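Right, one structure below, let's go through it.
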Amino acid sequence: MAKPFNTPAHPVKQPTGDASETDRDNNSLPLYKILDADCKASQIPRSLGADDVKRMYEGMILIRAFDERQTKLQRSGRIGFCLTAFGEEAVQVATTHALRDTDWVYPYYRQHGILLYRGVPLETMTNQLFGNAGDLAKGRQMPVHYTHKDTRYVSFSSVIGTHMAHAVGTAMASRYKKSAEITVTYIGDGGTSSNDFHSAMTLAGIYKPPLVIFIVNNHYAISQPVAKQCAAETLHSKGEGYGVPSIRVDGNDFLAVYQVSRDAYDRARAGEGPTLIELVTYRVGPHSSSDDPSRYRGNESDLWRNDALDPIARTRRFLTHAGLWNEAYEQSVWDQATSSINQAVTAAESSKHDPDWQSMFEDVYADMPPALTRQMTQLLAREEGIVRTDSGEFPL
Amino acid sequence: MAKPFNTPAHPVKQPTGDASETDRDNNSLPLYKILDADCKASQIPRSLGADDVKRMYEGMILIRAFDERQTKLQRSGRIGFCLTAFGEEAVQVATTHALRDTDWVYPYYRQHGILLYRGVPLETMTNQLFGNAGDLAKGRQMPVHYTHKDTRYVSFSSVIGTHMAHAVGTAMASRYKKSAEITVTYIGDGGTSSNDFHSAMTLAGIYKPPLVIFIVNNHYAISQPVAKQCAAETLHSKGEGYGVPSIRVDGNDFLAVYQVSRDAYDRARAGEGPTLIELVTYRVGPHSSSDDPSRYRGNESDLWRNDALDPIARTRRFLTHAGLWNEAYEQSVWDQATSSINQAVTAAESSKHDPDWQSMFEDVYADMPPALTRQMTQLLAREEGIVRTDSGEFPL
Amino acid sequence: MATKTLIQGINDALKTEMQRDDRVLTFGEDVGLNEGVFRATQDLQRMFGEDRSFSTPLTETGIIGMAIGMAINGLKPVPEIQFADFIYPAFDQIVSELAKLRYRSGGEFSAPVVIRTPYGGGIRGGLYHSQSPEAYFTHTPGLKVVIPSTPADAKGLLASAIRGEDPVIYMEPKKLYRSVKGDVPEGDYTVPIGPARTVQSGDDISLFCYGAMVEPCKQAAAIAAERDGIGVEIIDLRTLYPVDEASILDSVKKTGRAVIVYEAPKTCGYGSEIAALIAEQAVDSLEAPIIRVGGFDTPFPYALEKIYVPDAARVYLALKDSFNYS
Amino acid sequence: MATKTLIQGINDALKTEMQRDDRVLTFGEDVGLNEGVFRATQDLQRMFGEDRSFSTPLTETGIIGMAIGMAINGLKPVPEIQFADFIYPAFDQIVSELAKLRYRSGGEFSAPVVIRTPYGGGIRGGLYHSQSPEAYFTHTPGLKVVIPSTPADAKGLLASAIRGEDPVIYMEPKKLYRSVKGDVPEGDYTVPIGPARTVQSGDDISLFCYGAMVEPCKQAAAIAAERDGIGVEIIDLRTLYPVDEASILDSVKKTGRAVIVYEAPKTCGYGSEIAALIAEQAVDSLEAPIIRVGGFDTPFPYALEKIYVPDAARVYLALKDSFNYS
Ligand SMILES: Cc1ncc(C[n+]2csc(CCOP(=O)(O)OP(=O)(O)O)c2C)c(N)n1
Ligand SMILES: Cc1ncc(C[n+]2csc(CCOP(=O)(O)OP(=O)(O)O)c2C)c(N)n1
Ligand SMILES: [Mg+2]
Ligand SMILES: [Mg+2]
């Protein structure tokens with residue numbers, strides 16, 4: 001059982017977007033926060049105990065450790081590609097903490113932290129990064145394109161935005177089946193310009209399914225800054241044009257993110273319809289291992305690598321104020337994270353080989369059509385014995 | 001020269017969407033109007049003289065007469081399809097009156113009134129309805145899918161929404177070429193849910209080209225009422241989420257439509273960027289000749305066939321108050337309209353035949369590729385002499 | 001058995017399957033209260049309520065996307081795209097998502113959505129109410145593509161599609177909606193996806209077709225028999241992917257001649273695949289060029305529609321060319 | 001003449017044409033300041049300013065739609081779609097608008113937009129960074145489809161496309177971006193759209209290919225010559241629509257055997273059209289089945305990419321099959 005803090009509960013806020021005078025960012029745009037500049041909280045979400053906040057902190061560190069490891073694996077050529085969420089850890093952990101295990105998640109590629117936080121075995125994840133025979137997706141997708149049915153983390157494509165419309169349908173199906181499940185989905189600031197942001201918002205407004213939509217505004221879509229992505233002052237302002245209540249939140253304030261998510265989930269579960277939540281954060285790392293941010297933003301990201309903005313540092317300061325943090329704890333959390341990741345990397349890399357050729361032909365349909373079977377049989381029969389070099393050529 | 005009214009000019013209004021207390025509809029949503037319940041105007045746009053308002057009135061009647069004639073032609077099987085704008089005449093006439101001849105128009109299928117108002121020869125239009133050899137589009141498109149380069153009325157497809165993104169590009173090109181031209185585009189309430197409403201609004205917000213976007217909210221998309229199309233209280237509220245200033249206007253109040261259009265055009269020409277204007281009107285007729293509205297709205301449309309709501313009747317009452325209307329004038333306007341339409345129908349129907357077979361192969365590319373030439377030659381050579389019956393079969 | 005039109009066959013399948021399985025839902029633009037612009041969804045909202053048959057906002061991508069999400073969560077959506085010409089706004093959802101979900105998730109997730117859409121010429125619809133986009137979908141692994149040409153097949157194939165586990169693009173030849181009639185079994189009735197249907201046997205030429213092209217093929221074959229004594233074997237493919245290769249190859253091996261008829265632009269049309277299949281698997285049997293009678297490589301015209309769409313005259317000329325070749 | 005990579009050839013064409021004609025503009029996601037994720041637009045913003053080379057919001061449909069509108073108003077836009085896999089959100093704009101504008105307006109309006117997009121395998125991109133969607137476009141009258149395989153062609157064909165009056169889908173084999181090098185003429189240089197390029201002449205088999213498939217075809221032909229004495233005529237089609245039918249048919253009439261290689265899923269792929277063309281126009285010359293070596297009828301895989309994409313081994317086996325057939 002979570003030990004409750006001795007602080008008054010934060011009153012449930014209607015996500016109207018009309019934040020109070022103090023809930024404003026430097027440009028005096030609405031921005032809901034709980035942590036103050038010193039990382040103290042005058043009011044803490046009622047449902048959170050000390051264990052909860054520590055769990056969230058540990059979850060953020062696991063993500064960071066995982067991302068550091070991913071980066072190294074990619075740089076040393078052991079995996080072909082990687083994509084990290086440096087600086088966006090609070091988004092993933094706090095939105096997930098407020099979720100039930102049976103709720104559906106429609107992520108895009110920068111939400112692997114949700115899997116980590118939901119306790120998916122690390123080896124499941126590293127198998128995916130290596131695209132080996134142990135990968136749940138049978139080595140078919142690029143690294144970071146996870147699928148995980150057990151945690152209802154739905155397989156996604158690389159195509160930006162499409163999953164949002166799926167989330168609407170899944171939430172409608174839950175309601176149709178009179179299930180208490182809700183659905184959450186995430187979209188980047190860039191993704192708000194995609195076709196299916198529009199379709200999903202339109203449909204969410206009309207059908208009012210149990211759905212919560214998070215815009216992860218990390219200020220960039222690869223090289224495009226959000227100010228050149230959309231001329232609106234805030235992205236949450238898009239909600240009104242669809243009749244969907246919305247709110248803008250400090251995405252690096254784990255308590256604010258938790259509180260607003262929780263409220264929105266409660267509303268969704270109570271049949272009160274969808275909510276659009278803009279989480280303002282910053283993509284501290286490159287877009288992916290293929291990206292060089294110095295080309296388009298110089299060293300701007302250094303500004304965000306500090307204790308006043310980094311979500312992990314802010315949480316640490318909060319914990320320190322609350323007497324829940326010390327060096328030894330920090331060390332053990334990191335040790336635990338890195339050693340479990342190391343194990344998972346070793347396991348994925350050493351004991352698993354490429355998927356079987358044959359697997360390439362499976363899962364196109366429920367049953368393999370005859371012509372495809374013929375293509376497979378021909379390949380397996382004909383090419384047996386041909387040894388390919390690494391570059392795909394063959395010495396005869 | 002237009003004879004000016006002796007009334008104070010209506011002050012140019014910033015299209016902020018924040019209408020004054022009196023600018024509200026029955027549901028107390030913002031709705032900009034000039035005509036009062038009695039169809040008097042306390043303030044008349046400065047740039048309008050008596051000739052202007054009479055011209056607009058006559059333009060509306062020409063549209064109505066044309067639509068009545070279209071309907072009859074379709075009912076008697078002389079044209080294959082028709083689509084009318086009953087009750088939406090003010091939208092077309094007043095937005096066009098404020099436009100310059102060199103400005104670009106990206107319409108959808110319900111804006112043929114713009115062509116009529118810009119003085120396109122009626123025979124050009126009836127040729128299109130009949131799809132005959134005199135049709136500018138060589139009989140290739142269904143009725144009402146006009147193209148008219150001379151008036152910069154750009155050919156459109158039947159696909160809803162796509163043209164809006166073109167309008168953005170055309171307006172950007174005008175600015176690039178340092179031309180003073182602006183671009184206007186129209187979209188239905190249903191069309192606001194299409195992909196390219198979203199893309200065009202996003203791009204218009206970012207690039208701020210000289211563009212004015214009209215949402216013609218006629219309450220229906222075929223059978224779908226606007227309340228089931230979008231959950232927002234107003235459609236102009238979509239503007240904010242894209243950073244595009246917007247305003248909601250009584251689309252059956254020709255003076256209000258004129259004034260707001262004029263202001264937006266001035267802003268566009270001055271380099272102050274795009275405006276989104278919701279014109280609230282009502283589709284009094286069926287969606288098209290294929291539609292039976294009684295299936296989905298009973299006789300609701302009868303409510304709109306009255307002098308308090310019909311844009312022509314309201315304009316007539318305004319003219320009457322201003323001493324600009326009498327029965328004889330009315331009769332002559334109608335006579336003139338019907339006789340010119342009759343002539344154009346007769347000309348299109350009697351003197352023009354189907355387009356040549358050969359024309360079917362032209363205009364796919366600037367020059368006909370060899371394979372297509374072969375397809376054409378084969379057809380022309382082989383089928384010469386085969387007489388087809390009306391049903392496409394052939395007696396040998 | 002009752003005599004029904006093709007669209008009644010479709011409506012029958014929808015009713016029967018919705019009655020059988022309450023996971024089956026249908027929706028699309030004007031599908032609910034208005035019962036579809038062609039009335040394919042007649043009575044459904046009245047019988048099954050607004051939760052199971054409803055009209056949507058004007059967003060094809062949203063309609064298909066939403067259907068995928070419903071299917072992932074266990075429902076059996078049968079969305080309608082009002083005209084096949086308007087399927088392109090949803091092309092991304094169909095090609096990137098619907099077709100690839102099962103594969104990319106290693107079989108963890110799948111979306112057995114059946115997309116119904118009227119296609120083809122015959123209603124004087126011009127460029128945007130007449131297209132036949134089947135080849136875009138047969139080139140997209142992960143999709144099944146089905147096109148009926150008789151009322152019974154319309155019912156039986158649609159029922160099979162709805163009961164199946166894979167996404168299906170179910171294309172309805174709108175020209176035939178009310179122009180063909182035929183006996184349709186009552187109640188539970190399926191026709192398997194896959195096998196082609198031999199419309200008539202013949203020894204001289206194999207004539208492959210589907211959808212609205214079956215009628216002119218029948219007329220042309222009748223005239224060829226009557227006037228020239230040519231024995232034409234007509235095969236209605238019905239399922240375009242996965243196609244019934246055996247029926248195609250067996251027929252060509254017997255006749256040595258092949259003509260393929262389709263409405264879409266000839267180049268890279270579905271008929272090109274059938275020709276390529278024959279040229280790969282049965283080239284030795286060929287006694288004449290494989291002739292494709294298709295739409296021309298132009299957009300679909302309005303006034304000249306009758307010249308554009310293959311009709312009995314053009315099919316007949318092709319049959320004679322094939323027959324006389326030596 | 002300078003030795004350049006394929007992507008340098010593309011960049012050269014863009015620079016030369018932008019210098020030549022100030023109506024030429026280029027834009028797309030990350031195209032401006034970031035100079036394209038593959039750097040195809042390197043230096044352009046610096047040289048020509050933000051008005052002529054800029055990054056856009058994340059909306060492919062908007063990028064193409066905006067380009068169409070610019071072209072209607074007299075500009076020559078050359079938008080980039082970051083990966084061909086992401087062209088589908090713009091499919092409606094391309095198929096419904098770009099391809100059909102000239103036709104539907106009776107020639108009143110046209111939109112000579114050149115869409116550049118990297119396609120194909122070779123970068124371990126998995127399902128969504130590897131696709132080869134050319135057949136969707138070759139089946140769409142109104143579009144030209146061009147795919148270069150050498151740096152000089154990359155420059156010359158792109159320049160022709162930009163100077164032309166028709167919309168062009170210009171697909172760039174990203175595998176070759178930096179892996180092939182060749183001489184590229186400086187300055188003004190065009191290669192006409194239409195004619196194929198004979199890579200090498202040969203008497204025994206005609207081998208048709210394009211884009212990234214030209215390299216494995218060359219390797220396979222070399223091995224076949226060396227080991228089996230087979231004379232392979234390799235034809236790089238370069239323009240897929242309108243294709244150089246004469247070169248294809250002349251070659252097959254000479255060799256009697258045809259193999260076609262492409263990366264996209266085999267069924268209804270572009271190779272099916274070439275096979276159908278041969279089976280229609282040159283069937284009597286055929287001494288062997290027409291073999292298509294394509295991708296398999298599955299989505300594009302990640303780990304097994306090398307098995308999926310046709311390589312020299314598979315092409316060689318097909319050449320032997322064709323040669324040994326009798
Ligand atoms: C439809 C589509 N277009 C383009 C891309 C290429 N692309 C991949 S990520 C990306 C930027 C996305 O930015 P955002 O939505 O803000 O998410 P972030 O990466 O910042 O988390 C782009 C353009 C894509 N994957 N899909
Ligand atoms: C992309 C697309 N989907 C569907 C249609 C079929 N359709 C034609 S008009 C129409 C309704 C449009 O309503 P609205 O935008 O409100 O314009 P209105 O007809 O009311 O003027 C629909 C669904 C279409 N033409 N294009
Ligand atoms: Mg971002
Ligand atoms: Mg409407």
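By convention here, the chains of the structure tokens are called A, B, ... in the order presented, each chain's residues are numbered starting at 1, and ligands are numbered starting at 1 in the order presented.
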
- Task: Within 7 Å of B:Ser289, counting only C-alpha atoms, which residues show up once you throw out same-chain ones fewer than 6 positions away? Write them as a PyMOL selection string, please.
- Result: chain B and resi 81-83

Contacts of chain B with chain C up to 8 Å, shortest pair per row, only C-alpha atoms, as CSV:
residue,atom,partner,partner_atom,distance
B:Gly80,CA,C:Arg124,CA,7.3
B:Gly131,CA,C:Ala303,CA,5.9
B:Asn132,CA,C:Ala303,CA,7.3
B:Gly139,CA,C:Ala303,CA,5.2
B:Arg140,CA,C:Tyr302,CA,4.6
B:Gln141,CA,C:Gly126,CA,5.2
B:Met142,CA,C:Gly126,CA,5.3
B:Ser157,CA,C:Tyr128,CA,7.1
B:Ser158,CA,C:Tyr128,CA,5.9
B:Val159,CA,C:Phe86,CA,6.5
B:Gly190,CA,C:Leu58,CA,5.7
B:Gly191,CA,C:Leu58,CA,6.6
B:Ser193,CA,C:Leu58,CA,5.4
B:Ser194,CA,C:Thr59,CA,5.3
B:Asn195,CA,C:Pro89,CA,7.1
B:Ala221,CA,C:Leu58,CA,7.9
B:Ile222,CA,C:Asp30,CA,7.1
B:Ser223,CA,C:Asp30,CA,5.8
B:Gln224,CA,C:Asp30,CA,6.4
B:Lys228,CA,C:Pro57,CA,6.8
B:Gln229,CA,C:Pro57,CA,4.7
B:Cys230,CA,C:Pro57,CA,7.4
B:Asp291,CA,C:Val37,CA,7.8
B:Arg295,CA,C:Asn34,CA,6.1
B:Tyr296,CA,C:Asn34,CA,6.0
B:Asp354,CA,C:Ala303,CA,6.8
B:Pro355,CA,C:Ala303,CA,7.3
B:Trp357,CA,C:Leu304,CA,7.0
B:Met360,CA,C:Pro301,CA,6.9
B:Phe361,CA,C:Thr298,CA,6.5
B:Val364,CA,C:Thr298,CA,6.1
B:Leu372,CA,C:Asp297,CA,6.4
B:Gln375,CA,C:Phe296,CA,6.9
B:Ile386,CA,C:Ala313,CA,7.8
B:Gly392,CA,C:Lys306,CA,5.7
B:Glu393,CA,C:Ala312,CA,6.2
B:Phe394,CA,C:Ala313,CA,6.1

- For ligand 3, list the contacting residues at 12 Å or closer, counting only C-alpha atoms and all ligand atoms, as number ranges by chain. A: 85, 88, 108-110, 160, 186-193, 215-230, 235, 278-288; D: 57-58

Determine, for each residue of chain A having at least one atom at most 9 Å from an atom of chain B, the closest pair of atoms and their separation in Å to one decimal, counting only C-alpha atoms; order by chain and ascending number, as a Markdown table.
| residue | atom | partner | partner_atom | distance |
| --- | --- | --- | --- | --- |
| A:Ser193 | CA | B:Thr202 | CA | 6.7 |
| A:Ser194 | CA | B:Ser199 | CA | 7.7 |
| A:Asn195 | CA | B:Asn195 | CA | 5.2 |
| A:Asp196 | CA | B:Asn195 | CA | 7.9 |
| A:His198 | CA | B:His198 | CA | 6.5 |
| A:Ser199 | CA | B:Ser193 | CA | 6.8 |
| A:Thr202 | CA | B:Cys230 | CA | 6.0 |
| A:Leu203 | CA | B:Cys230 | CA | 7.9 |
| A:Ala204 | CA | B:Ala231 | CA | 8.7 |
| A:Gly205 | CA | B:Ala231 | CA | 5.1 |
| A:Ile206 | CA | B:Ala231 | CA | 5.3 |
| A:Tyr207 | CA | B:Lys228 | CA | 8.8 |
| A:Ala227 | CA | B:Ile206 | CA | 8.3 |
| A:Lys228 | CA | B:Ile206 | CA | 6.2 |
| A:Gln229 | CA | B:Ile206 | CA | 7.0 |
| A:Cys230 | CA | B:Tyr242 | CA | 6.0 |
| A:Ala231 | CA | B:Gly243 | CA | 4.5 |
| A:Ala232 | CA | B:Gly243 | CA | 3.8 |
| A:Glu233 | CA | B:Gly243 | CA | 6.8 |
| A:Thr234 | CA | B:Gly241 | CA | 7.6 |
| A:Leu235 | CA | B:Gly241 | CA | 6.7 |
| A:His236 | CA | B:Gly241 | CA | 7.7 |
| A:Ser237 | CA | B:Gly241 | CA | 5.0 |
| A:Lys238 | CA | B:Gly241 | CA | 3.9 |
| A:Gly239 | CA | B:Gly241 | CA | 7.4 |
| A:Glu240 | CA | B:Ala232 | CA | 6.2 |
| A:Gly241 | CA | B:Lys238 | CA | 3.9 |
| A:Tyr242 | CA | B:Ala232 | CA | 4.8 |
| A:Gly243 | CA | B:Ala232 | CA | 3.8 |
| A:Val244 | CA | B:Ala231 | CA | 7.6 |

- Task: May I have all residues of stretch 116-190 of chain C that DSSP, computed from the backbone, assigns to alpha helix (DSSP H), given as a list in words?
- Result: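 DSSP-assigned alpha helix (DSSP H) residues in stretch 116-190 of chain C: Glu134, Ala135, Tyr136, Phe137, Thr138, Pro151, Ala152, Asp153, Ala154, Lys155, Gly156, Leu157, Leu158, Ala159, Ser160, Ala161, Ile162 and Arg163 of chain C.
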
- Item | Selected residue, from C:Ile94, C:Leu319, C:Leu176, C:Leu25, that lies nearest to chain D when counting only C-alpha atoms | C:Ile94

- Item | Per-residue DSSP, stretch 152-251 of chain A, filtered to strand (DSSP E), as a VMD selection string | chain A and resid 183 to 188 211 to 217 220 to 221 224 to 225 246 to 250

- Task: Hey, list the chain D side of the contact with chain C: 9 Å cut-off, only C-alpha atoms, answer as an MDAnalysis selection string.
- Result: chainID D and resid 85:93 95:96 99:100 103:104 127:128 135:136 138:142 264:284 286:292 296:299 301

- Message: At a cut-off of 12 Å, using only C-alpha atoms, what residues contact C:Met18? Leave out same-chain residues fewer than 4 positions from it and give the result as an MDAnalysis selection string.
- Response: chainID C and resid 11:14 22:26 41 43:45 47:49 52:53 75:78 158:159 162:163 187:188

- Message: Applying 12 Å and only C-alpha atoms, which residues near C:Gly182 remain after dropping the ones on its own chain fewer than 4 positions away? List them as number ranges by chain.
- Response: C: 1-9, 149-155, 176-178

- Item | Atomic distance atom CA of B:Leu115 - atom CA of B:Thr183, expressed in Å with one decimal |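 Spanning atom CA of B:Leu115 to atom CA of B:Thr183 is a straight-line distance of 15.3 Å.
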
- For stretch 201-215 of chain C, please output as a PyMOL selection string all residues within 9 Å (counting only C-alpha atoms; exclusion window: fewer than 3 positions along the same chain). chain C and resi 120-122+147-150+171-176+198+218-221+230-240+248+251-252+254-263+271+274+309-312+319+322-323

- Item | Pick from C:Ala84, C:Ala71, C:Ile64, C:Val199 nearest to ligand 2, counting only C-alpha atoms and all ligand atoms |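 Closest to ligand 2, using only C-alpha atoms and all ligand atoms: C:Ala84.
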
- Query: Using only C-alpha atoms and all ligand atoms, which of the listed residues (D:Asp51, D:Arg39, D:Phe83, D:Gln19) sits closest to ligand 1?
  - Reply: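 Comparing D:Asp51, D:Arg39, D:Phe83, D:Gln19 against ligand 1, the winner is D:Phe83.
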
- Item | Within 10 Å of B:Gly59 using only C-alpha atoms, minus same-chain residues under 5 positions, as an MDAnalysis selection string | chainID B and resid 53:54 64:65 89:90 92:94 97 113:114 116:119 312 333 337

For the residues selected in the previous step, produce a file with C-alpha atoms as a short mmCIF file (atom, residue, chain, number, x, y, z; two decimals), in the first residue's frame.
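out_22.cif, written as the output of this step:
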data_model
loop_
_atom_site.label_atom_id
_atom_site.label_comp_id
_atom_site.auth_asym_id
_atom_site.auth_seq_id
_atom_site.Cartn_x
_atom_site.Cartn_y
_atom_site.Cartn_z
CA VAL B 53 -26.34 46.34 -53.93
CA LYS B 54 -28.61 46.11 -56.93
CA ARG B 64 -31.62 31.07 -58.40
CA ALA B 65 -33.04 31.10 -61.89
CA GLU B 89 -26.84 32.82 -53.10
CA ALA B 90 -25.60 35.60 -50.83
CA GLN B 92 -21.40 33.48 -53.58
CA VAL B 93 -22.40 36.93 -54.70
CA ALA B 94 -21.17 38.94 -51.74
CA HIS B 97 -18.40 41.31 -55.24
CA GLY B 113 -22.73 31.30 -58.64
CA ILE B 114 -19.29 32.86 -58.69
CA LEU B 116 -22.40 33.57 -63.03
CA TYR B 117 -21.52 36.64 -61.00
CA ARG B 118 -18.23 37.13 -62.77
CA GLY B 119 -20.15 37.28 -66.00
CA ILE B 312 -32.78 36.92 -51.65
CA VAL B 333 -34.54 41.03 -63.46
CA ALA B 337 -32.27 36.00 -66.16
#

- Query: atom CA of A:Asp67 and atom CA of A:Ala41, how far apart in Å?
  - Reply: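 So the two atoms, atom CA of A:Ala41 and atom CA of A:Asp67, lie 28.5 Å apart.
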
- Message: As an exercise, work out the distance from atom CA of C:Leu157 to atom CA of C:Tyr189 in Å and give it to one decimal place.
- Response: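 Atom-to-atom, atom CA of C:Leu157 and atom CA of C:Tyr189 are spaced 8.9 Å apart.
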